[in-house]
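Presented below is the structure to which this report refers.
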Amino acid sequence: MITCGVDIGSRTIKMVLFDGQNIIDSAITLSGAAPRDNAERLYSDMLVANQCNRSDVAMTVATGYGRNYFELADKASSEIICHTAGVAYLCPQAKTIIDIGGQDSKVVKVSESGKVDDFVMNDRCAAGTGKFIEMVAHTLDMPLDKTGAAALTTNEVCEISSMCAVFAESEVIGLLHKGVPAEVILRGVFRSVAKRVVSLGRKIGFAEPIVFTGGVAQNPGVLEAIQTQVESPSVDVPSHPQLTGALGAAIIGQQVAAQNSL
């Protein structure tokens, strides 16, 4: 049985085809100015690439910010539930999930059965999200995918004290004018992001193993900063940390389709 999971986020759209055991195919594209249209196009392209018709897909489940606007979905599901299901499949021993996406950050406590036990979420301030890091990279005139490696070239770090992304950007510009090197600023930015998400997570507590997901999990500088803040070097990152929500949605699709067939 084939199911499809679609995670329509603020910055990217992630899609997974799943057969109940393995990921058949996956794809990521930018949400852009027309996320619904882009998601529908990606869905169509994925079916064509895998020689599938819509009738071959038992269930399509949408999650993420745009989940309620994706009309090709049979069901919409919370991103918290979907991320947890995806992580439980990839990392069955996980007890805590840290997820930092383009526009929010969240920490999920995972139960022994691989379900959501508790969670906290920040979706009101950009300062602890991927959007903030993207904004800083633009200010530093540095490719986003180079920022992590750049930050790890120095042990020096500066303090980013502003609690608001807009003021923090002004603070970064001020540091540049003072001659502070870009890599030192980046370490300060990553530490600031890590402090915010770890402070958020302390409300429910951190149990190991800890798994770090979301697009920001691909940044080694942020990973190092989170490991420092949780005082644990064992924070794991799945092989495709952006896909956990879409994978979880596809897994939920398997469960719902199986129940419907009874």
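Identifiers in the structure tokens: chain A, B, ... in order shown; residue index from 1 per chain; ligand index from 1 in order shown.
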
From a DSSP calculation on the backbone, collect every residue of stretch 21-256 of chain A in strand (DSSP E or B) and output the set as JSON, numbers by chain. {"A": [23, 24, 25, 26, 27, 28, 29, 30, 57, 58, 59, 60, 61, 62, 63, 75, 76, 96, 97, 98, 99, 100, 105, 106, 107, 108, 109, 110, 116, 117, 118, 119, 120, 121, 122, 210, 211, 212, 213, 236]}

For stretch 86-93 of chain A, find every residue with an atom within 10 Å (counting only C-alpha atoms), except residues of its own chain fewer than 2 positions away, and show them as a VMD selection string. chain A and resid 21 81 to 84 95 to 97 110 to 115 208 to 213 236 to 241 243 to 252

When DSSP is applied to the backbone of this structure, which of stretch 87-220 of chain A are assigned helix (DSSP H, G or I)? Write them out as a VMD selection string. chain A and resid 87 to 90 126 to 128 130 to 139 144 to 151 165 to 177 182 to 201 215 to 218 220

Grab the atom CA of A:Asp123 to atom CA of A:Ser78 distance for me, in Å with one decimal place.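 Value for the atom CA of A:Asp123-atom CA of A:Ser78 distance: 14.2 Å.
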
Pick out the residues sitting within 8 Å of A:Ala150, and hand them over as a PDB file with N, CA and C atoms, in the first residue's frame; count only C-alpha atoms, and ignore anything fewer than 3 positions along from it in its own chain.
ATOM      1  N   LYS A 146      26.803  27.938   3.907  1.00  0.00           N
ATOM      2  CA  LYS A 146      28.205  28.077   4.317  1.00  0.00           C
ATOM      3  C   LYS A 146      28.333  28.592   5.753  1.00  0.00           C
ATOM      4  N   THR A 147      27.215  29.013   6.342  1.00  0.00           N
ATOM      5  CA  THR A 147      27.292  29.669   7.652  1.00  0.00           C
ATOM      6  C   THR A 147      27.739  28.725   8.764  1.00  0.00           C
ATOM      7  N   THR A 153      34.891  27.603  12.494  1.00  0.00           N
ATOM      8  CA  THR A 153      36.312  27.906  12.285  1.00  0.00           C
ATOM      9  C   THR A 153      36.894  28.734  13.427  1.00  0.00           C
ATOM     10  N   THR A 154      36.053  29.138  14.377  1.00  0.00           N
ATOM     11  CA  THR A 154      36.549  29.950  15.490  1.00  0.00           C
ATOM     12  C   THR A 154      35.971  29.461  16.811  1.00  0.00           C
ATOM     13  N   GLU A 183      32.416  35.109  11.279  1.00  0.00           N
ATOM     14  CA  GLU A 183      32.307  33.791  11.912  1.00  0.00           C
ATOM     15  C   GLU A 183      32.030  33.898  13.414  1.00  0.00           C
ATOM     16  N   LEU A 186      28.368  34.752  13.714  1.00  0.00           N
ATOM     17  CA  LEU A 186      27.554  33.562  13.479  1.00  0.00           C
ATOM     18  C   LEU A 186      27.507  32.662  14.700  1.00  0.00           C
TER      19      LEU A 186
END

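Using only C-alpha atoms for every distance, the candidate list A:Val172, A:Val222, A:Val197, A:Val184 yields A:Val222 as the residue closest to A:Asp145.
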
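The coordinates place atom CA of A:Gly64 at 23.9 Å from atom CA of A:Cys164.
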
Mind giving me the straight-line distance from atom CA of A:Ile185 to atom CA of A:Asn122 in Å, one decimal? 23.4 Å

Taking 3 positions as the minimum chain separation for residues in the same chain, which residues sit within 7 Å of stretch 1-12 of chain A when counting only C-alpha atoms? Answer as a count of residues only. 31

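Counting only C-alpha atoms and comparing A:Ala39, A:Asn155, A:Val180, A:Phe167, the residue that lies closest to A:Leu140 is A:Val180.
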
For each of A:Val198, A:Pro181, A:Ala165, A:Met46, take the minimum atom-to-atom distance to A:Met121, counting only C-alpha atoms, then give the residue where this is smallest.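 Between A:Val198, A:Pro181, A:Ala165, A:Met46, the residue approaching A:Met121 most closely is A:Val198.
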
May I ask which of the residues A:Ser199, A:Asn68, A:Ser234, A:Ser192 is the closest one to A:Thr129, counting only C-alpha atoms? A:Ser192

Who sits within 6 Å of A:Val216, only C-alpha atoms, same chain under 3 positions skipped, as JSON, numbers by chain: {"A": [100, 130, 219]}

Which residues are close to A:Glu169, i.e. within 9 Å by only C-alpha atoms, leaving aside same-chain residues fewer than 3 positions away? Reply as a list in words.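 My list of contacting residues is Phe132, Met135, Val136, Thr139, Ser162, Cys164, Ala165, Val166, Val172, Ile173 and Gly174 of chain A.
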
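When the distance limit is 9 Å and only C-alpha atoms are what count, the residues near A:Pro233, minus those fewer than 6 positions from it on the same chain, are Glu224, Ile226 and Gln227 of chain A.
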
Please produce an output containing N, CA, C and O atoms for each residue in the selection, written as a PDB file, in the first residue's frame.
ATOM      1  N   GLU A 224      26.070  22.184  16.900  1.00  0.00           N
ATOM      2  CA  GLU A 224      27.097  22.304  17.944  1.00  0.00           C
ATOM      3  C   GLU A 224      26.601  23.195  19.082  1.00  0.00           C
ATOM      4  O   GLU A 224      26.821  22.904  20.270  1.00  0.00           O
ATOM      5  N   ILE A 226      23.480  23.691  20.030  1.00  0.00           N
ATOM      6  CA  ILE A 226      22.449  22.987  20.796  1.00  0.00           C
ATOM      7  C   ILE A 226      23.081  21.927  21.689  1.00  0.00           C
ATOM      8  O   ILE A 226      22.696  21.765  22.858  1.00  0.00           O
ATOM      9  N   GLN A 227      24.060  21.212  21.174  1.00  0.00           N
ATOM     10  CA  GLN A 227      24.753  20.223  22.001  1.00  0.00           C
ATOM     11  C   GLN A 227      25.376  20.878  23.226  1.00  0.00           C
ATOM     12  O   GLN A 227      25.341  20.325  24.335  1.00  0.00           O
TER      13      GLN A 227
END
